[in-house]
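K.L.:
Quick one, run13.cif (mmCIF, C-alpha atoms and all ligand atoms):
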data_input
#
loop_
_atom_site.label_atom_id
_atom_site.label_comp_id
_atom_site.auth_asym_id
_atom_site.auth_seq_id
_atom_site.Cartn_x
_atom_site.Cartn_y
_atom_site.Cartn_z
CA MET A 1 -108.36 84.22 91.26
CA GLU A 2 -109.89 81.42 89.21
CA ASP A 3 -107.32 81.73 86.43
CA VAL A 4 -104.35 81.42 88.76
CA LYS A 5 -105.71 78.14 90.06
CA LYS A 6 -106.44 76.93 86.55
CA LEU A 7 -102.96 77.90 85.44
CA GLU A 8 -101.44 75.96 88.32
CA GLU A 9 -103.49 72.89 87.49
CA PHE A 10 -102.52 73.25 83.86
CA GLN A 11 -98.81 73.44 84.69
CA ALA A 12 -99.14 70.47 87.04
CA LYS A 13 -100.58 68.40 84.20
CA ILE A 14 -97.76 69.47 81.89
CA ASP A 15 -95.18 68.61 84.54
CA ALA A 16 -96.79 65.20 85.03
CA GLU A 17 -96.56 64.57 81.26
CA ILE A 18 -100.33 64.49 80.87
CA LYS A 19 -101.27 65.62 77.37
CA ILE A 20 -103.52 68.61 76.84
CA GLU A 21 -106.57 67.88 74.68
CA PRO A 22 -108.66 70.36 72.65
CA LYS A 23 -111.51 70.72 75.14
CA ASP A 24 -109.21 71.16 78.16
CA TRP A 25 -108.65 74.56 79.67
CA MET A 26 -105.42 76.13 78.44
CA PRO A 27 -103.81 79.55 78.84
CA GLU A 28 -104.53 81.87 75.93
CA ASP A 29 -100.80 82.15 75.24
CA TYR A 30 -100.45 78.38 75.02
CA ARG A 31 -103.26 78.33 72.46
CA LYS A 32 -101.70 81.18 70.47
CA HIS A 33 -98.25 79.64 70.60
CA LEU A 34 -99.63 76.37 69.25
CA GLN A 35 -101.76 78.03 66.60
CA ARG A 36 -98.68 79.83 65.35
CA GLN A 37 -96.31 76.87 65.55
CA ILE A 38 -98.61 74.17 64.15
CA SER A 39 -99.91 76.31 61.29
CA GLN A 40 -96.38 77.37 60.42
CA HIS A 41 -95.46 73.70 60.38
CA ALA A 42 -98.48 72.91 58.16
CA HIS A 43 -97.64 75.73 55.76
CA SER A 44 -94.07 74.42 55.53
CA GLU A 45 -95.25 70.95 54.52
CA VAL A 46 -97.47 72.41 51.81
CA ILE A 47 -95.06 75.02 50.44
CA GLY A 48 -92.34 72.37 50.67
CA MET A 49 -94.00 70.47 47.84
CA GLN A 50 -92.97 73.17 45.36
CA PRO A 51 -89.18 72.81 45.22
CA GLU A 52 -89.59 69.07 44.71
CA GLY A 53 -92.58 69.37 42.39
CA ASN A 54 -90.20 71.27 40.16
CA TRP A 55 -88.49 67.98 39.23
CA ILE A 56 -91.39 65.56 38.76
CA SER A 57 -91.55 66.00 35.00
CA ARG A 58 -87.78 65.72 34.68
CA ALA A 59 -87.10 62.78 36.97
CA PRO A 60 -84.38 60.65 35.32
CA SER A 61 -86.29 57.35 35.45
CA LEU A 62 -89.77 56.00 36.01
CA ARG A 63 -88.68 54.64 39.39
CA ALA A 64 -87.34 58.03 40.41
CA LYS A 65 -90.56 59.64 39.28
CA VAL A 66 -92.96 57.41 41.21
CA VAL A 67 -90.80 57.74 44.31
CA LEU A 68 -90.75 61.52 44.07
CA LEU A 69 -94.50 61.65 43.49
CA ALA A 70 -95.15 59.44 46.51
CA LYS A 71 -92.85 61.57 48.63
CA ILE A 72 -94.56 64.79 47.62
CA GLN A 73 -97.98 63.25 48.18
CA ASP A 74 -96.86 62.38 51.71
CA GLU A 75 -95.95 66.03 52.29
CA ALA A 76 -99.43 67.07 51.21
CA GLY A 77 -100.76 64.59 53.76
CA HIS A 78 -98.46 66.01 56.46
CA GLY A 79 -99.88 69.45 55.75
CA GLN A 80 -103.40 68.05 56.16
CA TYR A 81 -102.62 66.29 59.46
CA LEU A 82 -101.14 69.48 60.82
CA TYR A 83 -103.92 71.79 59.66
CA ALA A 84 -106.36 69.37 61.28
CA ALA A 85 -104.40 69.57 64.55
CA ALA A 86 -104.28 73.37 64.30
CA GLU A 87 -108.03 73.54 63.67
CA THR A 88 -108.72 71.89 67.03
CA LEU A 89 -107.45 75.14 68.57
CA GLY A 90 -110.49 77.05 67.40
CA LYS A 91 -109.38 78.61 64.14
CA SER A 92 -110.63 77.46 60.75
CA ARG A 93 -108.49 76.14 57.95
CA ASP A 94 -109.57 79.06 55.78
CA GLU A 95 -108.23 81.48 58.36
CA TYR A 96 -104.88 79.70 58.50
CA ILE A 97 -104.59 79.67 54.73
CA GLU A 98 -105.45 83.34 54.59
CA GLU A 99 -102.73 84.10 57.13
CA LEU A 100 -100.23 82.31 54.92
CA GLN A 101 -101.32 84.08 51.77
CA THR A 102 -101.30 87.50 53.41
CA GLU A 103 -97.86 86.81 54.92
CA LYS A 104 -99.11 87.03 58.49
CA ALA A 105 -97.89 83.48 58.98
CA LYS A 106 -94.49 82.10 58.04
CA TYR A 107 -93.27 78.81 56.70
CA SER A 108 -89.81 77.28 56.89
CA SER A 109 -87.29 79.43 55.02
CA ILE A 110 -85.57 76.42 53.54
CA PHE A 111 -88.29 76.23 50.89
CA ASN A 112 -87.35 79.64 49.57
CA TYR A 113 -84.22 78.19 48.00
CA PRO A 114 -84.39 76.95 44.41
CA THR A 115 -83.81 73.35 43.33
CA LEU A 116 -81.39 73.70 40.44
CA SER A 117 -80.39 70.15 39.55
CA TRP A 118 -81.57 66.59 40.07
CA ALA A 119 -78.92 66.26 42.78
CA ASP A 120 -80.96 68.77 44.75
CA MET A 121 -83.71 66.15 45.08
CA GLY A 122 -81.06 64.10 46.86
CA ALA A 123 -79.92 66.97 49.07
CA VAL A 124 -83.47 67.96 49.97
CA GLY A 125 -84.51 64.45 51.02
CA TRP A 126 -81.27 63.75 52.82
CA LEU A 127 -80.72 67.10 54.55
CA VAL A 128 -84.03 68.96 54.63
CA ASP A 129 -86.14 65.95 55.54
CA GLY A 130 -83.27 64.79 57.73
CA ALA A 131 -83.33 68.03 59.70
CA ALA A 132 -87.13 67.96 59.80
CA ILE A 133 -87.02 64.42 61.22
CA VAL A 134 -84.75 65.44 64.09
CA ASN A 135 -87.19 68.19 64.96
CA GLN A 136 -90.29 66.06 64.49
CA VAL A 137 -89.02 63.08 66.48
CA SER A 138 -88.58 65.47 69.37
CA LEU A 139 -92.05 66.94 68.83
CA GLN A 140 -93.70 63.54 69.15
CA ARG A 141 -93.46 64.26 72.88
CA THR A 142 -95.02 67.70 72.62
CA SER A 143 -97.64 68.44 75.28
CA TYR A 144 -100.61 69.06 72.97
CA GLY A 145 -102.34 65.76 72.13
CA PRO A 146 -103.43 66.41 68.52
CA TYR A 147 -100.01 67.85 67.60
CA SER A 148 -98.24 64.92 69.20
CA ARG A 149 -100.41 62.40 67.35
CA ALA A 150 -99.80 64.16 64.04
CA MET A 151 -96.06 64.01 64.70
CA VAL A 152 -96.14 60.29 65.44
CA ARG A 153 -97.91 59.66 62.15
CA ILE A 154 -95.57 61.96 60.24
CA CYS A 155 -92.41 60.43 61.70
CA LYS A 156 -93.48 57.00 60.50
CA GLU A 157 -93.55 58.33 56.96
CA GLU A 158 -90.45 60.49 57.07
CA SER A 159 -87.75 57.86 57.17
CA PHE A 160 -88.60 56.86 53.61
CA HIS A 161 -88.17 60.51 52.62
CA GLN A 162 -84.70 60.80 53.98
CA ARG A 163 -83.59 57.45 52.63
CA GLN A 164 -84.83 58.16 49.11
CA GLY A 165 -82.91 61.45 49.14
CA TYR A 166 -79.74 59.89 50.45
CA GLU A 167 -80.01 57.18 47.80
CA ILE A 168 -80.21 59.80 45.05
CA ILE A 169 -77.24 61.80 46.26
CA ALA A 170 -75.17 58.68 47.02
CA HIS A 171 -75.89 57.44 43.52
CA MET A 172 -74.74 60.68 41.96
CA ALA A 173 -71.68 60.92 44.18
CA GLN A 174 -70.61 57.56 42.76
CA GLY A 175 -71.32 58.55 39.15
CA THR A 176 -69.26 60.42 36.59
CA PRO A 177 -67.05 63.31 37.74
CA GLU A 178 -69.75 65.72 36.54
CA GLN A 179 -72.41 63.91 38.52
CA LYS A 180 -70.24 63.88 41.60
CA GLU A 181 -69.70 67.59 41.16
CA MET A 182 -73.46 68.14 41.01
CA ALA A 183 -73.88 66.15 44.22
CA GLN A 184 -71.20 68.20 45.97
CA ASP A 185 -72.72 71.42 44.66
CA ALA A 186 -76.14 70.43 46.02
CA LEU A 187 -74.61 69.70 49.43
CA ASN A 188 -72.77 73.03 49.33
CA ARG A 189 -75.96 74.95 48.69
CA PHE A 190 -78.23 73.08 51.11
CA TRP A 191 -75.93 72.50 54.07
CA TRP A 192 -76.11 75.89 55.76
CA PRO A 193 -79.80 76.55 55.05
CA SER A 194 -80.52 73.11 56.57
CA LEU A 195 -78.74 74.12 59.77
CA MET A 196 -80.80 77.32 59.79
CA MET A 197 -83.99 75.22 59.77
CA PHE A 198 -83.59 74.76 63.52
CA GLY A 199 -83.97 78.49 64.03
CA PRO A 200 -81.84 81.07 65.83
CA HIS A 201 -79.46 80.18 68.64
CA ASP A 202 -81.18 79.59 71.96
CA SER A 203 -79.63 82.80 73.25
CA ASP A 204 -81.57 84.89 70.75
CA SER A 205 -84.73 82.93 70.12
CA PRO A 206 -87.81 85.05 70.87
CA ASN A 207 -90.43 82.28 70.94
CA MET A 208 -88.74 79.85 73.27
CA GLY A 209 -89.55 80.91 76.85
CA ASN A 210 -92.94 79.39 77.58
CA GLY A 211 -92.59 76.89 74.74
CA VAL A 212 -90.14 74.88 76.84
CA LYS A 213 -91.95 75.40 80.14
CA TRP A 214 -95.20 74.22 78.55
CA LYS A 215 -93.36 71.38 76.82
CA ILE A 216 -94.54 72.42 73.40
CA LYS A 217 -90.91 72.20 72.42
CA ARG A 218 -88.98 69.41 74.13
CA GLU A 219 -85.46 70.27 73.03
CA THR A 220 -83.93 73.61 72.15
CA ASN A 221 -82.92 74.81 68.69
CA ASP A 222 -79.23 74.37 69.43
CA GLU A 223 -79.65 70.89 70.88
CA LEU A 224 -81.58 69.74 67.84
CA ARG A 225 -79.14 71.33 65.41
CA GLN A 226 -76.24 69.59 67.13
CA LYS A 227 -78.03 66.24 66.90
CA PHE A 228 -78.54 66.72 63.18
CA ILE A 229 -74.91 67.63 62.55
CA ASP A 230 -73.59 64.73 64.62
CA LYS A 231 -75.72 62.31 62.62
CA THR A 232 -75.05 63.70 59.19
CA VAL A 233 -71.27 64.10 59.07
CA GLN A 234 -70.61 60.38 58.82
CA GLN A 235 -73.26 60.01 56.13
CA ALA A 236 -71.41 62.57 54.00
CA GLU A 237 -68.11 60.77 54.54
CA VAL A 238 -69.53 57.41 53.47
CA ILE A 239 -70.50 58.78 50.07
CA GLY A 240 -67.30 60.77 49.62
CA LEU A 241 -68.77 64.26 49.82
CA THR A 242 -67.35 67.15 51.81
CA ILE A 243 -69.46 69.25 54.14
CA PRO A 244 -68.76 72.88 53.26
CA ASP A 245 -67.54 73.96 56.69
CA PRO A 246 -63.79 74.27 57.32
CA ASP A 247 -64.44 74.56 61.07
CA LEU A 248 -66.30 71.26 61.30
CA LYS A 249 -64.28 69.09 63.69
CA TRP A 250 -64.99 66.27 66.13
CA ASN A 251 -64.67 67.48 69.69
CA GLU A 252 -63.58 64.51 71.75
CA GLU A 253 -64.23 66.22 75.04
CA LYS A 254 -67.81 67.24 74.25
CA GLY A 255 -68.61 64.16 72.23
CA HIS A 256 -70.02 66.42 69.51
CA TYR A 257 -68.90 68.12 66.34
CA ASP A 258 -67.80 71.73 66.54
CA PHE A 259 -68.99 73.73 63.57
CA GLY A 260 -68.55 77.13 61.97
CA GLU A 261 -70.55 80.30 62.35
CA ILE A 262 -73.99 80.33 60.70
CA ASP A 263 -74.75 83.35 58.52
CA TRP A 264 -77.68 84.78 60.46
CA ASP A 265 -77.92 87.81 58.20
CA GLU A 266 -78.83 85.46 55.39
CA PHE A 267 -81.32 83.68 57.63
CA TRP A 268 -83.16 86.85 58.66
CA ASN A 269 -83.04 88.17 55.14
CA VAL A 270 -84.86 85.08 53.84
CA VAL A 271 -87.29 85.09 56.78
CA LYS A 272 -88.15 88.70 55.93
CA GLY A 273 -89.11 87.67 52.42
CA ASN A 274 -85.96 88.37 50.44
CA GLY A 275 -84.85 84.82 49.70
CA PRO A 276 -84.41 83.67 46.13
CA CYS A 277 -87.91 82.15 45.80
CA ASN A 278 -90.18 83.72 48.46
CA LYS A 279 -92.38 85.55 45.96
CA GLN A 280 -92.60 82.64 43.57
CA ARG A 281 -93.62 80.19 46.34
CA LEU A 282 -96.40 82.38 47.64
CA GLN A 283 -97.69 83.37 44.21
CA HIS A 284 -97.82 79.75 43.20
CA HIS A 285 -99.77 78.87 46.34
CA ILE A 286 -102.27 81.66 45.73
CA LYS A 287 -102.67 80.70 42.09
CA ALA A 288 -103.25 77.02 42.90
CA HIS A 289 -105.75 78.05 45.56
CA GLU A 290 -107.62 80.33 43.17
CA ASP A 291 -107.53 77.78 40.37
CA GLY A 292 -109.20 75.32 42.73
CA LYS A 293 -111.94 77.71 43.74
CA TRP A 294 -114.48 76.50 41.19
CA VAL A 295 -113.96 72.93 42.39
CA ARG A 296 -114.75 73.89 45.97
CA GLU A 297 -117.75 75.87 44.84
CA ALA A 298 -119.05 73.01 42.73
CA ALA A 299 -118.55 70.55 45.58
CA ASN A 300 -120.41 72.81 47.98
CA ALA A 301 -123.23 73.36 45.52
CA TYR A 302 -123.53 69.61 44.98
CA ALA A 303 -123.61 68.97 48.73
CA GLN A 304 -126.29 71.61 49.16
CA LYS A 305 -128.36 70.03 46.41
CA GLN A 306 -128.12 66.61 48.07
CA LYS A 307 -129.23 68.11 51.38
CA ASN A 308 -132.22 69.83 49.76
CA LYS A 309 -133.21 66.58 48.07
CA GLN A 310 -133.18 64.80 51.42
CA LEU A 311 -135.42 67.48 52.90
CA VAL A 312 -137.96 67.08 50.11
CA ALA A 313 -137.95 63.29 50.21
CA MET B 1 -115.64 81.51 56.46
CA ASN B 2 -117.96 82.30 53.58
CA ASN B 3 -120.34 79.83 52.00
CA THR B 4 -119.11 79.94 48.45
CA ASP B 5 -115.44 79.29 49.07
CA ASN B 6 -114.53 77.03 51.93
CA GLN B 7 -112.84 73.73 52.56
CA GLY B 8 -115.97 71.78 53.43
CA ASP B 9 -116.95 70.29 56.77
CA VAL B 10 -114.71 68.36 59.13
CA TRP B 11 -115.19 64.58 59.24
CA GLU B 12 -113.53 62.36 61.81
CA VAL B 13 -111.84 59.27 60.41
CA PHE B 14 -111.72 55.82 62.02
CA VAL B 15 -109.62 53.07 60.49
CA GLN B 16 -109.74 49.36 61.12
CA SER B 17 -106.24 48.08 60.52
CA LYS B 18 -107.10 44.36 60.34
CA PRO B 19 -110.28 42.29 60.31
CA GLY B 20 -111.16 41.55 63.90
CA LEU B 21 -109.71 44.74 65.34
CA PRO B 22 -111.77 47.76 66.41
CA HIS B 23 -111.90 50.93 64.30
CA LYS B 24 -109.48 53.43 65.75
CA HIS B 25 -109.51 57.21 65.41
CA ALA B 26 -106.91 58.19 62.81
CA GLY B 27 -107.52 61.90 62.33
CA SER B 28 -109.83 64.08 60.32
CA VAL B 29 -110.48 65.30 56.78
CA HIS B 30 -112.42 68.06 55.11
CA ALA B 31 -115.13 67.13 52.63
CA THR B 32 -118.44 68.42 51.35
CA ASP B 33 -120.19 65.04 51.18
CA LYS B 34 -119.78 61.50 52.46
CA GLU B 35 -118.23 60.01 49.35
CA MET B 36 -115.62 62.74 49.24
CA ALA B 37 -114.99 62.25 52.94
CA LEU B 38 -114.40 58.55 52.41
CA GLN B 39 -112.09 59.10 49.43
CA ASN B 40 -110.10 61.80 51.20
CA ALA B 41 -109.77 59.55 54.23
CA ARG B 42 -108.53 56.72 52.01
CA ASP B 43 -105.93 58.99 50.39
CA MET B 44 -104.79 60.45 53.66
CA TYR B 45 -104.83 57.66 56.17
CA THR B 46 -104.28 54.44 54.22
CA ARG B 47 -101.45 55.19 51.80
CA ARG B 48 -99.43 52.31 53.22
CA ASN B 49 -101.90 49.50 53.63
CA GLU B 50 -102.92 50.71 57.06
CA GLY B 51 -106.49 49.64 56.74
CA THR B 52 -109.17 47.16 55.81
CA CYS B 53 -112.12 49.44 56.58
CA ILE B 54 -112.73 53.16 57.09
CA TRP B 55 -115.53 54.99 58.89
CA VAL B 56 -116.07 58.71 58.41
CA VAL B 57 -118.32 60.65 60.78
CA PRO B 58 -119.33 64.32 60.52
CA LEU B 59 -117.70 66.12 63.43
CA ASP B 60 -120.96 67.69 64.57
CA ALA B 61 -122.54 64.23 64.87
CA ILE B 62 -120.10 63.34 67.64
CA VAL B 63 -121.17 63.96 71.21
CA SER B 64 -118.32 64.25 73.67
CA SER B 65 -118.18 64.34 77.44
CA MET B 66 -116.50 67.48 78.73
CA PRO B 67 -113.31 67.66 80.80
CA GLU B 68 -115.02 69.71 83.53
CA ASP B 69 -117.60 66.93 83.96
CA SER B 70 -115.07 64.15 84.10
CA GLY B 71 -115.23 63.96 87.91
CA SER B 72 -118.95 63.35 88.25
CA PHE B 73 -118.92 61.34 85.07
CA PHE B 74 -116.15 58.83 85.69
CA GLU B 75 -115.46 58.79 89.42
CA PRO B 76 -118.53 56.78 90.49
CA SER B 77 -116.82 53.67 89.15
CA ASP B 78 -113.80 54.24 91.44
CA ASP B 79 -115.43 52.61 94.48
CA LYS B 80 -116.93 49.68 92.65
CA ILE B 81 -114.00 47.39 92.99
CA TYR B 82 -116.35 44.41 92.95
CA ARG B 83 -116.45 44.91 89.20
CA HIS B 84 -112.92 43.53 88.96
CA PRO B 85 -112.13 39.83 89.13
CA THR B 86 -109.36 40.43 91.67
CA HIS B 87 -112.05 41.41 94.21
CA TYR B 88 -113.05 37.77 94.78
CA VAL B 89 -111.37 35.27 97.04
CA MET B 90 -111.01 31.88 95.43
CA PRO B 91 -110.78 28.71 97.49
CA GLU B 92 -107.24 27.48 97.95
CA GLY B 93 -106.18 25.02 95.25
CA ALA B 94 -108.89 25.88 92.71
CA LYS B 95 -107.38 26.01 89.20
CA HIS B 96 -108.25 27.66 85.89
CA ILE B 97 -110.53 30.27 87.45
FE FE A 401 -93.21 66.18 55.86
FE FE A 402 -90.73 64.66 54.37
#
Turn the structure described in the file into structure tokens.
Ligand SMILES: [Fe+2]
Ligand SMILES: [Fe+2]
P.N.:
Amino acid sequence: MEDVKKLEEFQAKIDAEIKIEPKDWMPEDYRKHLQRQISQHAHSEVIGMQPEGNWISRAPSLRAKVVLLAKIQDEAGHGQYLYAAAETLGKSRDEYIEELQTEKAKYSSIFNYPTLSWADMGAVGWLVDGAAIVNQVSLQRTSYGPYSRAMVRICKEESFHQRQGYEIIAHMAQGTPEQKEMAQDALNRFWWPSLMMFGPHDSDSPNMGNGVKWKIKRETNDELRQKFIDKTVQQAEVIGLTIPDPDLKWNEEKGHYDFGEIDWDEFWNVVKGNGPCNKQRLQHHIKAHEDGKWVREAANAYAQKQKNKQLVA
Amino acid sequence: MNNTDNQGDVWEVFVQSKPGLPHKHAGSVHATDKEMALQNARDMYTRRNEGTCIWVVPLDAIVSSMPEDSGSFFEPSDDKIYRHPTHYVMPEGAKHI
């Protein structure tokens, strides 16, 4: 059959590390997998602006404020790069946005946690962007060309994000006892949800199978999570904060840190929509989208008018 | 997609990073007219001094060769090795050529 031959050729390209481009033949499941993964990634960038946007007006200094604004603007850009990559798979941006707003598509659960103090801006940049970087560095080698190119661009911008967060939390950890307590509290609240960002253990991850074979995903959830932990422990030590995991211990033999059990009930609960901020995040997105409707309409009307003028002239 | 509420058309963005270098594809933006396309491209692809010049091109103005034609399209140049300088035998001892 034609498709069997095409599938073989497709797999041969993947195995030879040749990127797949939008006009190339691809299995329907590969397309669907990418549509789901890239749009989910795009939604995460966009929804992820909310927990940080919460602190723009209360940033403790002008420097902190411009940095936070620039960081959040980058995230908006990341969302745009990723939607653009997702659109090359034959679905419009409007469709993707509708899937988000009707809860057919997910975004990263980490953004359903509230940001309660300024120290959280530190924890988010340090841990949430830190975890995202580990994932995104790996995805630079993903098999789909437009996704890979978006990841390369995003990774260039991310290191500033993590460093600005680490600077905030380091600063607070060296402040007054109350400030240090806020820093520790932020770490306590964001540590476990950050580990959950990598998704379920490989042994019970439903979307993995073909994702690895097709090199959409280059490393597994557990491998990436371990990388993040191994990198981050020392960074916590340097600033005198304690990672809230009594089982965290260097394992000489493995050359990795052992760590405690992740609360998967909490994870699934938040994924299913019952996290502290799920409703708020989505409502805010819908409101912003609706508030912008007249702008889009005006822009379209203006463009139409220009076109008509050209026709007459 | 309906006509009254959509994100505008797709425009491909090409950025020249330095005078003298070619414009290179950077990505795409949505916009309803060319000025908006240019401004969106500026905001999205040159936030860190990445460019000295931007081109935006409506996606439907781009004509692309297709993967299934790549054989007949590109292979004819395979056997024209005389198009490469290494094809020619230079006399022994000749320099700077
Ligand atoms: Fe991002
Ligand atoms: Fe980021």
K.L.:
Could you tell me which of A:Glu266, A:Glu157, A:Asp29, A:Asp120 comes closest to ligand FE 402 (chain A) if we count only C-alpha atoms and all ligand atoms?
P.N.:
A:Glu157
K.L.:
Work out how far atom CA of B:Gly27 is from atom CA of A:His285, in Å to one decimal.
P.N.:
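Those two atoms sit 24.6 Å apart.
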K.L.:
For A:Gly125, please output as a PDB file with C-alpha atoms, in the coordinates of the input all residues within 8 Å (counting only C-alpha atoms; exclusion window: fewer than 2 positions along the same chain).
P.N.:
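out.pdb was written with the following content:
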ATOM      1  CA  MET A 121     -83.710  66.150  45.080  1.00  0.00           C
ATOM      2  CA  GLY A 122     -81.060  64.100  46.860  1.00  0.00           C
ATOM      3  CA  ALA A 123     -79.920  66.970  49.070  1.00  0.00           C
ATOM      4  CA  LEU A 127     -80.720  67.100  54.550  1.00  0.00           C
ATOM      5  CA  VAL A 128     -84.030  68.960  54.630  1.00  0.00           C
ATOM      6  CA  ASP A 129     -86.140  65.950  55.540  1.00  0.00           C
ATOM      7  CA  GLY A 130     -83.270  64.790  57.730  1.00  0.00           C
ATOM      8  CA  HIS A 161     -88.170  60.510  52.620  1.00  0.00           C
ATOM      9  CA  GLN A 162     -84.700  60.800  53.980  1.00  0.00           C
ATOM     10  CA  ARG A 163     -83.590  57.450  52.630  1.00  0.00           C
ATOM     11  CA  GLN A 164     -84.830  58.160  49.110  1.00  0.00           C
ATOM     12  CA  GLY A 165     -82.910  61.450  49.140  1.00  0.00           C
ATOM     13  CA  TYR A 166     -79.740  59.890  50.450  1.00  0.00           C
TER      14      TYR A 166
END
K.L.:
Show me a table, sorted first by chain and then by increasing residue number, of the residues of chain B having an atom at most 9 Å from chain A, each with its shortest atom pair and the distance in Å to one decimal, counting all atoms listed in the file and written as a Markdown table.
P.N.:
| residue | atom | partner | partner_atom | distance |
| --- | --- | --- | --- | --- |
| B:Met1 | CA | A:Asp94 | CA | 6.6 |
| B:Asn3 | CA | A:Asn300 | CA | 8.1 |
| B:Thr4 | CA | A:Glu297 | CA | 5.6 |
| B:Asp5 | CA | A:Glu297 | CA | 5.9 |
| B:Asn6 | CA | A:Asp94 | CA | 6.6 |
| B:Gln7 | CA | A:Arg296 | CA | 6.9 |
| B:Gly8 | CA | A:Asn300 | CA | 7.1 |
| B:Val10 | CA | A:Ala84 | CA | 8.7 |
| B:Ala26 | CA | A:Arg149 | CA | 9.0 |
| B:Gly27 | CA | A:Tyr81 | CA | 7.2 |
| B:Ser28 | CA | A:Ala84 | CA | 6.4 |
| B:Val29 | CA | A:Ala84 | CA | 7.3 |
| B:His30 | CA | A:Ala84 | CA | 8.7 |
| B:Ala31 | CA | A:Ala299 | CA | 8.5 |
| B:Thr32 | CA | A:Ala303 | CA | 5.8 |
| B:Asp33 | CA | A:Ala303 | CA | 5.8 |
| B:Asp43 | CA | A:Gly77 | CA | 8.3 |
| B:Met44 | CA | A:Gly77 | CA | 5.8 |
| B:Tyr45 | CA | A:Gly77 | CA | 8.4 |
| B:Arg47 | CA | A:Asp74 | CA | 8.5 |
| B:Met66 | CA | A:Lys23 | CA | 6.9 |
| B:Pro67 | CA | A:Asp24 | CA | 6.0 |
| B:Glu68 | CA | A:Asp24 | CA | 8.0 |
K.L.:
In Å, with one decimal, what is the gap from atom CA of B:Ala37 to atom CA of B:Asp9?
P.N.:
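Separation between atom CA of B:Ala37 and atom CA of B:Asp9: 9.1 Å.
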K.L.:
Work out how far apart atom CA of A:Lys19 and atom CA of A:Asp3 are and give it in Å to one decimal.
P.N.:
19.4 Å
K.L.:
Restricting the calculation to all atoms listed in the file: of A:Pro60, A:Pro27, A:Gly175, A:Gly48, which residue gets closest to ligand FE 401 (chain A)?
P.N.:
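Among A:Pro60, A:Pro27, A:Gly175, A:Gly48, it is A:Gly48 that comes nearest to ligand FE 401 (chain A).
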K.L.:
So which one's closest to ligand FE 401 (chain A), A:His201, A:Arg36, A:Lys213, A:His41? Using only C-alpha atoms and all ligand atoms, please.
P.N.:
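When distances to ligand FE 401 (chain A) are compared using only C-alpha atoms and all ligand atoms, the smallest one comes from A:His41.
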K.L.:
Which neighbours of stretch 255-264 of chain A fall inside 9 Å, counting only C-alpha atoms, when residues of the same chain fewer than 2 positions from it are skipped, and could you give them as number ranges by chain?
P.N.:
A: 192-193, 195-196, 200, 226-227, 229-230, 233, 245-253, 266-269
K.L.:
What would the list of residues within 6 Å of (-75.7, 66.0, 44.3) (file frame) look like as a ChimeraX atom specification, if only C-alpha atoms are what count?
P.N.:
/A:119-120,169,172,182-184,186
K.L.:
In file coordinates, which residues lie within 8 Å of (-114.4, 53.1, 51.6) using all atoms listed in the file, given as number ranges by chain?
P.N.:
B: 38-39, 42, 53-55
K.L.:
Could you add the missing atoms to stretch 39-49 of chain B, up to N, CA and C atoms, and return them as a PDB file, keeping the file's coordinate frame?
P.N.:
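Saved result, selection.pdb, follows:
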ATOM      1  N   GLN B  39    -113.243  59.119  50.343  1.00  0.00           N
ATOM      2  CA  GLN B  39    -112.090  59.100  49.430  1.00  0.00           C
ATOM      3  C   GLN B  39    -110.905  59.866  49.998  1.00  0.00           C
ATOM      4  N   ASN B  40    -111.197  61.034  50.589  1.00  0.00           N
ATOM      5  CA  ASN B  40    -110.100  61.800  51.200  1.00  0.00           C
ATOM      6  C   ASN B  40    -109.455  61.019  52.337  1.00  0.00           C
ATOM      7  N   ALA B  41    -110.294  60.342  53.112  1.00  0.00           N
ATOM      8  CA  ALA B  41    -109.770  59.550  54.230  1.00  0.00           C
ATOM      9  C   ALA B  41    -108.884  58.423  53.713  1.00  0.00           C
ATOM     10  N   ARG B  42    -109.324  57.795  52.628  1.00  0.00           N
ATOM     11  CA  ARG B  42    -108.530  56.720  52.010  1.00  0.00           C
ATOM     12  C   ARG B  42    -107.151  57.276  51.589  1.00  0.00           C
ATOM     13  N   ASP B  43    -107.179  58.420  50.881  1.00  0.00           N
ATOM     14  CA  ASP B  43    -105.930  58.990  50.390  1.00  0.00           C
ATOM     15  C   ASP B  43    -105.008  59.450  51.510  1.00  0.00           C
ATOM     16  N   MET B  44    -105.606  59.859  52.608  1.00  0.00           N
ATOM     17  CA  MET B  44    -104.790  60.450  53.660  1.00  0.00           C
ATOM     18  C   MET B  44    -104.332  59.474  54.706  1.00  0.00           C
ATOM     19  N   TYR B  45    -105.164  58.498  55.026  1.00  0.00           N
ATOM     20  CA  TYR B  45    -104.830  57.660  56.170  1.00  0.00           C
ATOM     21  C   TYR B  45    -104.521  56.208  55.832  1.00  0.00           C
ATOM     22  N   THR B  46    -104.600  55.844  54.557  1.00  0.00           N
ATOM     23  CA  THR B  46    -104.280  54.440  54.220  1.00  0.00           C
ATOM     24  C   THR B  46    -103.370  54.364  52.995  1.00  0.00           C
ATOM     25  N   ARG B  47    -102.371  55.243  52.942  1.00  0.00           N
ATOM     26  CA  ARG B  47    -101.450  55.190  51.800  1.00  0.00           C
ATOM     27  C   ARG B  47    -100.471  54.015  51.884  1.00  0.00           C
ATOM     28  N   ARG B  48    -100.386  53.401  53.062  1.00  0.00           N
ATOM     29  CA  ARG B  48     -99.430  52.310  53.220  1.00  0.00           C
ATOM     30  C   ARG B  48    -100.107  51.053  53.771  1.00  0.00           C
ATOM     31  N   ASN B  49    -101.214  50.717  53.195  1.00  0.00           N
ATOM     32  CA  ASN B  49    -101.900  49.500  53.630  1.00  0.00           C
ATOM     33  C   ASN B  49    -102.299  49.490  55.097  1.00  0.00           C
TER      34      ASN B  49
END
